[in-house]
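Novice: The structure that follows is given in the form of structure tokens.
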Amino acid sequence: MEPAGLAWVLISSALVLFMTPGLAFFYGGMDRRRNVLNMLMMNFYCVLAVPVLWMVLGYSLAQVPFGNDFIGGLDSFMLKDITTAGDGGALATIAFLGMFAAITPALISGAVAGRMKFAAWAVFVPLWLFIVYVPVFKWVYGGWLGQRGSLDFAGGTAIHVNAGIAALATVLVLGKRRVDPAPPHSVPLVMIGTGILWFGWFGFNAGSALNANGQAAQAFMNTFLAGAAAGLAWVLTEWLRDGRPTNLGAASGIVAGLVAITPAAGYVSGVAPVVIGLIAGVVCCYAVRLKTRLGYDDALDVVGVHFVGGLVGSLLIGFLANPSFFEAEFRAGLFYGGDAKLLIEQAIANGAAVVWSFILTFVIMKVLDATIGVRAEEQAELTGLDLALHAETAYHD
Amino acid sequence: MEPAGLAWVLISSALVLFMTPGLAFFYGGMDRRRNVLNMLMMNFYCVLAVPVLWMVLGYSLAQVPFGNDFIGGLDSFMLKDITTAGDGGALATIAFLGMFAAITPALISGAVAGRMKFAAWAVFVPLWLFIVYVPVFKWVYGGWLGQRGSLDFAGGTAIHVNAGIAALATVLVLGKRRVDPAPPHSVPLVMIGTGILWFGWFGFNAGSALNANGQAAQAFMNTFLAGAAAGLAWVLTEWLRDGRPTNLGAASGIVAGLVAITPAAGYVSGVAPVVIGLIAGVVCCYAVRLKTRLGYDDALDVVGVHFVGGLVGSLLIGFLANPSFFEAEFRAGLFYGGDAKLLIEQAIANGAAVVWSFILTFVIMKVLDATIGVRAEEQAELTGLDLALHAETAYHD
Amino acid sequence: MEPAGLAWVLISSALVLFMTPGLAFFYGGMDRRRNVLNMLMMNFYCVLAVPVLWMVLGYSLAQVPFGNDFIGGLDSFMLKDITTAGDGGALATIAFLGMFAAITPALISGAVAGRMKFAAWAVFVPLWLFIVYVPVFKWVYGGWLGQRGSLDFAGGTAIHVNAGIAALATVLVLGKRRVDPAPPHSVPLVMIGTGILWFGWFGFNAGSALNANGQAAQAFMNTFLAGAAAGLAWVLTEWLRDGRPTNLGAASGIVAGLVAITPAAGYVSGVAPVVIGLIAGVVCCYAVRLKTRLGYDDALDVVGVHFVGGLVGSLLIGFLANPSFFEAEFRAGLFYGGDAKLLIEQAIANGAAVVWSFILTFVIMKVLDATIGVRAEEQAELTGLDLALHAETAYHD
Amino acid sequence: MKLITAIIKPFKLDEVKDALKAANVTGITVTEVRGFGRQGGHVETYRGAEYKVDLIPKVRLEMVVDDVVADRVVETIVKSAGTGKIGDGKVWITDVSRVVRIRTGEEGRDAI
Amino acid sequence: MKLITAIIKPFKLDEVKDALKAANVTGITVTEVRGFGRQGGHVETYRGAEYKVDLIPKVRLEMVVDDVVADRVVETIVKSAGTGKIGDGKVWITDVSRVVRIRTGEEGRDAI
Amino acid sequence: MKLITAIIKPFKLDEVKDALKAANVTGITVTEVRGFGRQGGHVETYRGAEYKVDLIPKVRLEMVVDDVVADRVVETIVKSAGTGKIGDGKVWITDVSRVVRIRTGEEGRDAI
Ligand SMILES: Nc1ncnc2c1ncn2[C@@H]1O[C@H](COP(=O)(O)OP(=O)(O)O)[C@@H](O)[C@H]1O
Ligand SMILES: Nc1ncnc2c1ncn2[C@@H]1O[C@H](COP(=O)(O)OP(=O)(O)O)[C@@H](O)[C@H]1O
Ligand SMILES: Nc1ncnc2c1ncn2[C@@H]1O[C@H](COP(=O)(O)OP(=O)(O)O)[C@@H](O)[C@H]1O
């Protein structure tokens, strides 16, 4: 990797690291005052445990050798044989991917808010990382799904659809909260998280070019436009529908747009990011209501935003992928002279990820429930998880 | 653009994007508890609506063709014909400038705090963008003001003076708040905003070199020194004058210094940034009191900090511009062997911007007031805009 | 410096600037509600005063000429003769080092929380900068300690051990708080600070390579792994010991690991950062209890985290330094084919820094106490420093 | 008229409120308070240091009611606020010599 | 002595405080409370889900006053706190059998 | 039974609480309040503008106690809460006609 590319990948990695605290605040602000620390802890825990696991085994299983169809091997166990070769490019890439591995399970925490035993979460994260995240990541990047020609620039399928559907499985095992949902305990904290997430997402998407080049610049532009367009769409939708434009709507729309553009960021151009953003904003604004229809308790709408948003973006690639713009070798979308093949591959890739992720996440949760138990005690849930599970209270005089 | 320059412009763009949430927290913390979400929403709205407008038409009118005196054209409508050419430099520059377009109207929100109808703001922002920001930006960058030789490195005239005087016009139409000003509802939130703003301002100023070079490095150094010097000057001034050094004083001084150095960042060197910072810090510390003298209700001192600070910095260029240091082709300031010509051009440029911005902002506000009305209902103002306009409350248990 | 290196050093400098507000929130959240603004102000003051002092004299005394054993000279007084030469590399480096100079005294503020007169702090910071920080920094970088072959990549000895032991001296002069310690007034604010600190620390450590190269990439990876491993170690330690995993434990562990890896970041590789992190996490988790044993009132554990963590990391270099990995010319650690020489040099370097820093900090504080007094009035301490010293209150309606 | 003051557990607030509404209590004023009592407190741990918190969050309800219904209202509160666990709280009654509705100036029974 | 308790609208606090000062009330204790009553509450919307908030912010004033002035003080509050709109609040009086000023130990009239 | 209400300085809370425990007061309810009185307020300065804050933080304690101990409890509070400086606060007593422990339904003396 040349120095400029390295500088870009390094700063992008730092931006992605910053996203996990951002996600913690985004979720934590939406949570109850008495549960906010449990939410922050579930997120920070991911960025404590996952990097170590990634260094030891995760990276090796997820990427080495790149050609494997389903899973890597032990060639890079403990980062064996990784040197500063290529001016550090290999190291930077491993760190960059490690940040992704850390934030993906963290995404699920929003769904289980307010009722999961922390000890169960502490075991769930490593299990989910190796059983669900690593294989799906491998399939998509270098593995059978990628080889078939499906596209996922920065992790729409591998990360958002994957974590989003896993969130559904977790809450189905976990069951509903004993207390009614409450309004966000601190909307300003939600907005702090949103600002950090958008800021970090530029590294997440544009950094995925793994170089400082035209594709990175377009991915950057797409991240800018899709986040804005989706936020605007969500706010206008609720303004018309509910009568008021809200901060939480703006925040949710921005995130929905960023999720949707993630798989497409390096493959679409021009007006496409705005189209993707607008569609994702409107669709997710309605999708978050599914839980009341269908009756699953996805506390902070991980399914409605990450699964739905990721799926929308991933499928829209089938229409909007524009290889000629990037002078690159990937299939064109239906609107850019391509045939239905790409759309089909996108459907297959997401279908495969959904099936694997849902089933195995469900199994993991069931096993945990049968062994250590996944649900917090009733008293803890009623009087607050922060005190019961962490012996802390968020705010004092 | 070469890869290193691209990496620098991309990260700088992300930093500027981050500034709008930073500004939201800076203002929101100073606002009342019951109005904070309205303030955050006014700021976030800018970063939702403006990027889309910028992509569609704003950039084209503001920059293409560069040579136009007063306004661009439609050549880049919908970013038509923009490619990844030049390794993505064009795309990065458009995104970078789009961030500036988003934060400029947001600056005005601090003046109208606590009494403006959100629907009016939602219409004001696009109108102001196209009628005031885009033309003034064009005049300064490539247009008649720039051609005459006035200097504005990162937007002292085009952004801060422009938004600052517009803030005055808006509050003159809007009128005073019905309730007395209150102390900041959360000084820590103000400081979070301040930290983000300073951090982002390095991208704002040093990124404006549009390359990773000596000018960028000096602009970076200037942003560091001027922010510090102005914060120090403000704190010492109030310590002597009012008897206490305050956090809000430090925050206000930092921002005043950053505003003042913005137009000069790429044209001054050595001790100059400290001089500019010290002057801006003292002057703005007194300027924020003008509103009580003159009786306009500029809630969070947009005039006193952005208009005055921007003007101070822009005029000081007339004394401190140092082309030989940069081995570049711009006029020298009076203290660096230049004649009064540069100072005069700076005065003309700011004068032109002030006249246009003030008059047209005033007209826009009057038209809005005559049509949809700009002022929130009395009840909303008394009991809180968050609930009345956004059906949200900032903090819950 | 080549453009890519410049871009990396510039963004790294911005990241380090962002760390001081981050530190302010990390400390401020742990402080009492009625003292939080005093804490924020002590930190922000450092980033107002130090940059100006650094530009005027600090840099020159700390680095020019590089060869001096004990202290620099006046050759770069007021940044005299600094040009954009080398594509701005010199300027970027001076700014980068200035950020370090600003945050180092800020580290001490955590120890004196809740009882120090702000006027005394305002004088302490410049005195400590020139009398303690600048010389020790010179010794380590280019001076006699560095020449002897001790290693300190990003400031373990020069910054963390130095500030950590100085914190001990300050509290010994200052005495104990009149009121019992209280729990953190806002754990979410602590976590915001933690997120910013970790994010910024990538610039702190990886930026210290002063180039975008393999060493920067490894330093980045080490910063990632050591922060995570230490956070994990602290959380698991307290989970076993106290029965609960806490957010403050995670935050403290992350910072402890980042402190410990700071001196080693560019000299160790592979599993070493995880080892350093795990050791630092466990050791510091116990070290923070020393104050109750030994009876000094280090309010927010600057000694337990920065002095101990920095020392642990600095000494572990003696075992883990791995020059062959970096194809560089420094001594190898005991586990990498080196002899005890490096470990001895590390001990000498830290010993020298500790003796100088402790004694002179103690003297400075004694002199201040004898002249203007260092301790706030009892009333101020009981009813809150924010109001008494800054005429501000953190939170209002 | 009587003033009924009740200290209850926070998570019981909605239940009690609904029960009171059902019992035709037309107005209640609610205050977040902290209470010390038999329940004792809890311990929080920060960096391994234990902080004994013996004031625990409670909610205080006060309502002015007509004499005749006072006792019934008390029973309603006791029934709806009880969990049987220590810390459920107290209810007490004090006399009110005059009550006025600010909006109308109405007094006594008409004021509530 | 009498204890006068008033529940008012938050934005009326300053007005009422000034009126009471003018009426020589020398001391007031103010509590932020939430109230439920005829006024009903409001609805907040988050992600399209409606949250009915029927406890609305109010301010509670309490002041111990001399018997002879009690009624005048009540009128003062009623006058200054009223907006004529629903939700203005209540004022009520209860008897105080003893009052002490902590600083001096003074009792009764001298204590307030 | 008697209801004792005390307004004290916040930093005195622990001291008073301990003194009351020592005096066998088994339960106390604590509220954060703001007070206006002789003490006057303070001035805060933001961007050079002065804000007069005449409501200063205080803590309100209320406890229902048996008639026989009421006066002793008052003395306990006065002693432990006093600093001799203006702003120390007040204590007052009102009558309670009925008190119930929610958990058990116990009344009167047994309820506290
Ligand atoms: N004598 C009292 N006066 C006022 N409030 C009391 C009194 N005793 C208890 N309380 C309040 O009731 C709450 C519960 O009381 P506690 O003794 O802990 O449990 P229980 O009510 O089950 O006996 C306490 O936290 C306190 O707020
Ligand atoms: N019976 C009552 N006892 C105690 N507080 C009451 C009572 N009724 C009303 N309040 C308080 O007064 C506030 C206003 O009362 P409400 O019935 O809404 O309007 P109004 O006073 O105009 O009839 C309520 O929010 C509540 O805080
Ligand atoms: N008449 C009163 N009724 C209720 N509370 C009062 C009264 N007078 C004072 N207070 C409360 O006591 C606090 C202290 O009273 P203040 O007059 O300031 O000092 P002191 O008690 O020493 O005379 C006030 O802030 C207020 O909260």
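Naming scheme: A, B, ... for chains in displayed order of the structure tokens; residues 1 onward per chain; ligands 1 onward as shown.
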Would you mind listing, as a short mmCIF file (atom, residue, chain, number, x, y, z; two decimals) with all heavy atoms, in the first residue's frame, all residues of chain E that have at least one atom within 10 Å of chain B, where only C-alpha atoms are what counts?
Specialist:
```cif
data_model
loop_
_atom_site.label_atom_id
_atom_site.label_comp_id
_atom_site.auth_asym_id
_atom_site.auth_seq_id
_atom_site.Cartn_x
_atom_site.Cartn_y
_atom_site.Cartn_z
N LYS E 9 -47.76 26.94 37.44
CA LYS E 9 -47.09 26.67 36.17
C LYS E 9 -45.65 27.18 36.22
O LYS E 9 -45.41 28.29 36.71
CB LYS E 9 -47.84 27.36 35.03
CG LYS E 9 -49.14 26.67 34.67
CD LYS E 9 -49.88 27.37 33.56
CE LYS E 9 -51.01 26.50 33.04
NZ LYS E 9 -51.99 27.25 32.22
N PRO E 10 -44.70 26.38 35.72
CA PRO E 10 -43.28 26.74 35.85
C PRO E 10 -42.96 28.15 35.36
O PRO E 10 -42.24 28.88 36.03
CB PRO E 10 -42.58 25.69 34.98
CG PRO E 10 -43.48 24.50 35.05
CD PRO E 10 -44.88 25.06 35.09
N PHE E 11 -43.53 28.54 34.21
CA PHE E 11 -43.10 29.84 33.69
C PHE E 11 -43.70 31.00 34.49
O PHE E 11 -43.37 32.15 34.24
CB PHE E 11 -43.43 29.96 32.20
CG PHE E 11 -44.89 30.09 31.89
CD1 PHE E 11 -45.50 31.35 31.90
CD2 PHE E 11 -45.66 28.98 31.59
CE1 PHE E 11 -46.84 31.48 31.61
CE2 PHE E 11 -47.01 29.11 31.30
CZ PHE E 11 -47.61 30.36 31.31
N LYS E 12 -44.52 30.67 35.50
CA LYS E 12 -45.09 31.73 36.33
C LYS E 12 -44.25 31.96 37.59
O LYS E 12 -44.53 32.87 38.38
CB LYS E 12 -46.52 31.34 36.73
CG LYS E 12 -47.56 31.68 35.68
CD LYS E 12 -47.72 33.20 35.60
CE LYS E 12 -48.92 33.59 34.77
NZ LYS E 12 -49.10 35.06 34.80
N HIS E 42 -49.80 15.59 27.57
CA HIS E 42 -49.50 15.81 26.15
C HIS E 42 -48.95 14.51 25.58
O HIS E 42 -48.69 13.55 26.30
CB HIS E 42 -48.49 16.94 26.00
CG HIS E 42 -47.20 16.67 26.72
ND1 HIS E 42 -46.88 17.25 27.93
CD2 HIS E 42 -46.15 15.87 26.40
CE1 HIS E 42 -45.70 16.82 28.32
NE2 HIS E 42 -45.23 15.98 27.42
N VAL E 43 -48.81 14.52 24.26
CA VAL E 43 -48.31 13.32 23.59
C VAL E 43 -46.95 13.63 22.98
O VAL E 43 -46.76 14.67 22.36
CB VAL E 43 -49.28 12.87 22.49
CG1 VAL E 43 -48.66 11.75 21.66
CG2 VAL E 43 -50.58 12.39 23.12
N GLU E 44 -45.97 12.76 23.21
CA GLU E 44 -44.68 12.89 22.55
C GLU E 44 -44.57 11.76 21.53
O GLU E 44 -45.15 10.69 21.71
CB GLU E 44 -43.54 12.83 23.57
CG GLU E 44 -43.62 13.96 24.59
CD GLU E 44 -42.48 13.94 25.58
OE1 GLU E 44 -41.53 13.16 25.42
OE2 GLU E 44 -42.53 14.74 26.54
N THR E 45 -43.85 12.02 20.47
CA THR E 45 -43.74 11.02 19.41
C THR E 45 -42.28 10.69 19.16
O THR E 45 -41.47 11.58 18.94
CB THR E 45 -44.35 11.56 18.10
OG1 THR E 45 -45.60 12.16 18.39
CG2 THR E 45 -44.55 10.43 17.11
N TYR E 46 -41.92 9.41 19.26
CA TYR E 46 -40.56 8.98 18.97
C TYR E 46 -40.61 7.84 17.97
O TYR E 46 -41.24 6.82 18.24
CB TYR E 46 -39.86 8.55 20.27
CG TYR E 46 -39.74 9.69 21.25
CD1 TYR E 46 -40.67 9.86 22.26
CD2 TYR E 46 -38.71 10.62 21.14
CE1 TYR E 46 -40.58 10.92 23.15
CE2 TYR E 46 -38.60 11.68 22.02
CZ TYR E 46 -39.53 11.83 23.03
OH TYR E 46 -39.44 12.89 23.90
N GLU E 50 -46.34 6.90 19.81
CA GLU E 50 -46.80 7.97 20.69
C GLU E 50 -46.66 7.59 22.15
O GLU E 50 -46.99 6.48 22.55
CB GLU E 50 -48.26 8.29 20.37
CG GLU E 50 -48.46 8.79 18.95
CD GLU E 50 -49.79 9.50 18.78
OE1 GLU E 50 -50.72 9.22 19.57
OE2 GLU E 50 -49.87 10.37 17.88
N TYR E 51 -46.12 8.51 22.92
CA TYR E 51 -46.02 8.32 24.36
C TYR E 51 -46.90 9.35 25.04
O TYR E 51 -46.69 10.55 24.89
CB TYR E 51 -44.57 8.49 24.83
CG TYR E 51 -43.65 7.41 24.31
CD1 TYR E 51 -43.07 7.52 23.05
CD2 TYR E 51 -43.35 6.29 25.08
CE1 TYR E 51 -42.23 6.53 22.56
CE2 TYR E 51 -42.51 5.30 24.60
CZ TYR E 51 -41.94 5.42 23.34
OH TYR E 51 -41.11 4.45 22.87
N PRO E 57 -44.87 19.16 33.89
CA PRO E 57 -44.03 19.93 34.82
C PRO E 57 -44.80 21.04 35.52
O PRO E 57 -45.53 21.80 34.88
CB PRO E 57 -42.95 20.51 33.91
CG PRO E 57 -42.92 19.61 32.73
CD PRO E 57 -44.34 19.18 32.53
#
```
Novice: Write out as a VMD selection string the residues lying within 10 Å of segment 248-250 of chain C, counting only C-alpha atoms and excluding same-chain residues fewer than 2 positions away.
Specialist: (chain A and resid 37 41 44 to 45 48 390 392) or (chain C and resid 26 30 184 187 to 188 190 to 191 194 227 to 228 230 to 239 244 to 246 252 to 256 281 285) or (chain D and resid 45 to 48)
Novice: Dump as a PyMOL selection string the residues of chain F that approach chain E to within 9 Å, counting only C-alpha atoms.
Specialist: chain F and resi 7-8+31-38+55+58+60+74-75+77-79+81-95
Novice: Need to verify the contact set: segment 152-162 of chain A, 8 Å, only C-alpha atoms, exclusion of same-chain residues closer than 2 positions in sequence. Can you return it as a PyMOL selection string?
Specialist: chain A and resi 100+104+133+136-137+140+150+164-166+204-205+208+259-267+306-311+313-314+349-350+353-354+357
Novice: Write to file, as a short mmCIF file (atom, residue, chain, number, x, y, z; two decimals), in the first residue's frame, the residues of the selection just made, with C-alpha atoms.
Specialist:
```cif
data_model
loop_
_atom_site.label_atom_id
_atom_site.label_comp_id
_atom_site.auth_asym_id
_atom_site.auth_seq_id
_atom_site.Cartn_x
_atom_site.Cartn_y
_atom_site.Cartn_z
CA PHE A 100 -15.65 -3.72 11.77
CA THR A 104 -21.00 -5.56 14.33
CA TYR A 133 -19.84 -13.02 11.81
CA VAL A 136 -20.61 -14.73 6.73
CA PHE A 137 -17.82 -12.18 6.38
CA VAL A 140 -18.97 -12.21 1.22
CA SER A 150 -22.50 -10.27 -5.43
CA GLY A 164 -30.02 -6.91 11.95
CA ILE A 165 -31.49 -10.36 11.46
CA ALA A 166 -29.42 -11.69 14.38
CA PHE A 204 -16.25 2.94 7.35
CA ASN A 205 -17.31 3.43 3.74
CA SER A 208 -13.17 0.44 2.42
CA VAL A 259 -26.65 1.68 6.53
CA ALA A 260 -28.25 1.54 3.09
CA ILE A 261 -25.34 3.19 1.29
CA THR A 262 -22.78 0.97 3.02
CA PRO A 263 -22.95 -1.94 0.55
CA ALA A 264 -23.25 0.39 -2.44
CA ALA A 265 -20.80 3.16 -1.56
CA GLY A 266 -18.08 2.13 -4.00
CA TYR A 267 -20.37 1.01 -6.81
CA HIS A 306 -30.07 -2.17 10.13
CA PHE A 307 -31.70 -5.25 8.64
CA VAL A 308 -34.22 -3.38 6.50
CA GLY A 309 -31.87 -0.52 5.65
CA GLY A 310 -29.05 -2.88 4.77
CA LEU A 311 -31.31 -5.03 2.64
CA GLY A 313 -29.26 -0.74 -0.02
CA SER A 314 -27.93 -4.13 -0.99
CA ALA A 349 -26.10 -13.26 -0.89
CA ASN A 350 -28.50 -11.62 1.53
CA ALA A 353 -26.55 -14.45 5.20
CA VAL A 354 -30.04 -14.14 6.67
CA SER A 357 -27.30 -15.64 10.83
#
```
Novice: Just checking: using only C-alpha atoms and all ligand atoms, which residue out of D:Lys52, D:Arg72, D:Asn24, D:Ala19 ends up closest to ligand 2?
Specialist: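 The shortest atom-to-atom distance to ligand 2 comes from D:Asn24.
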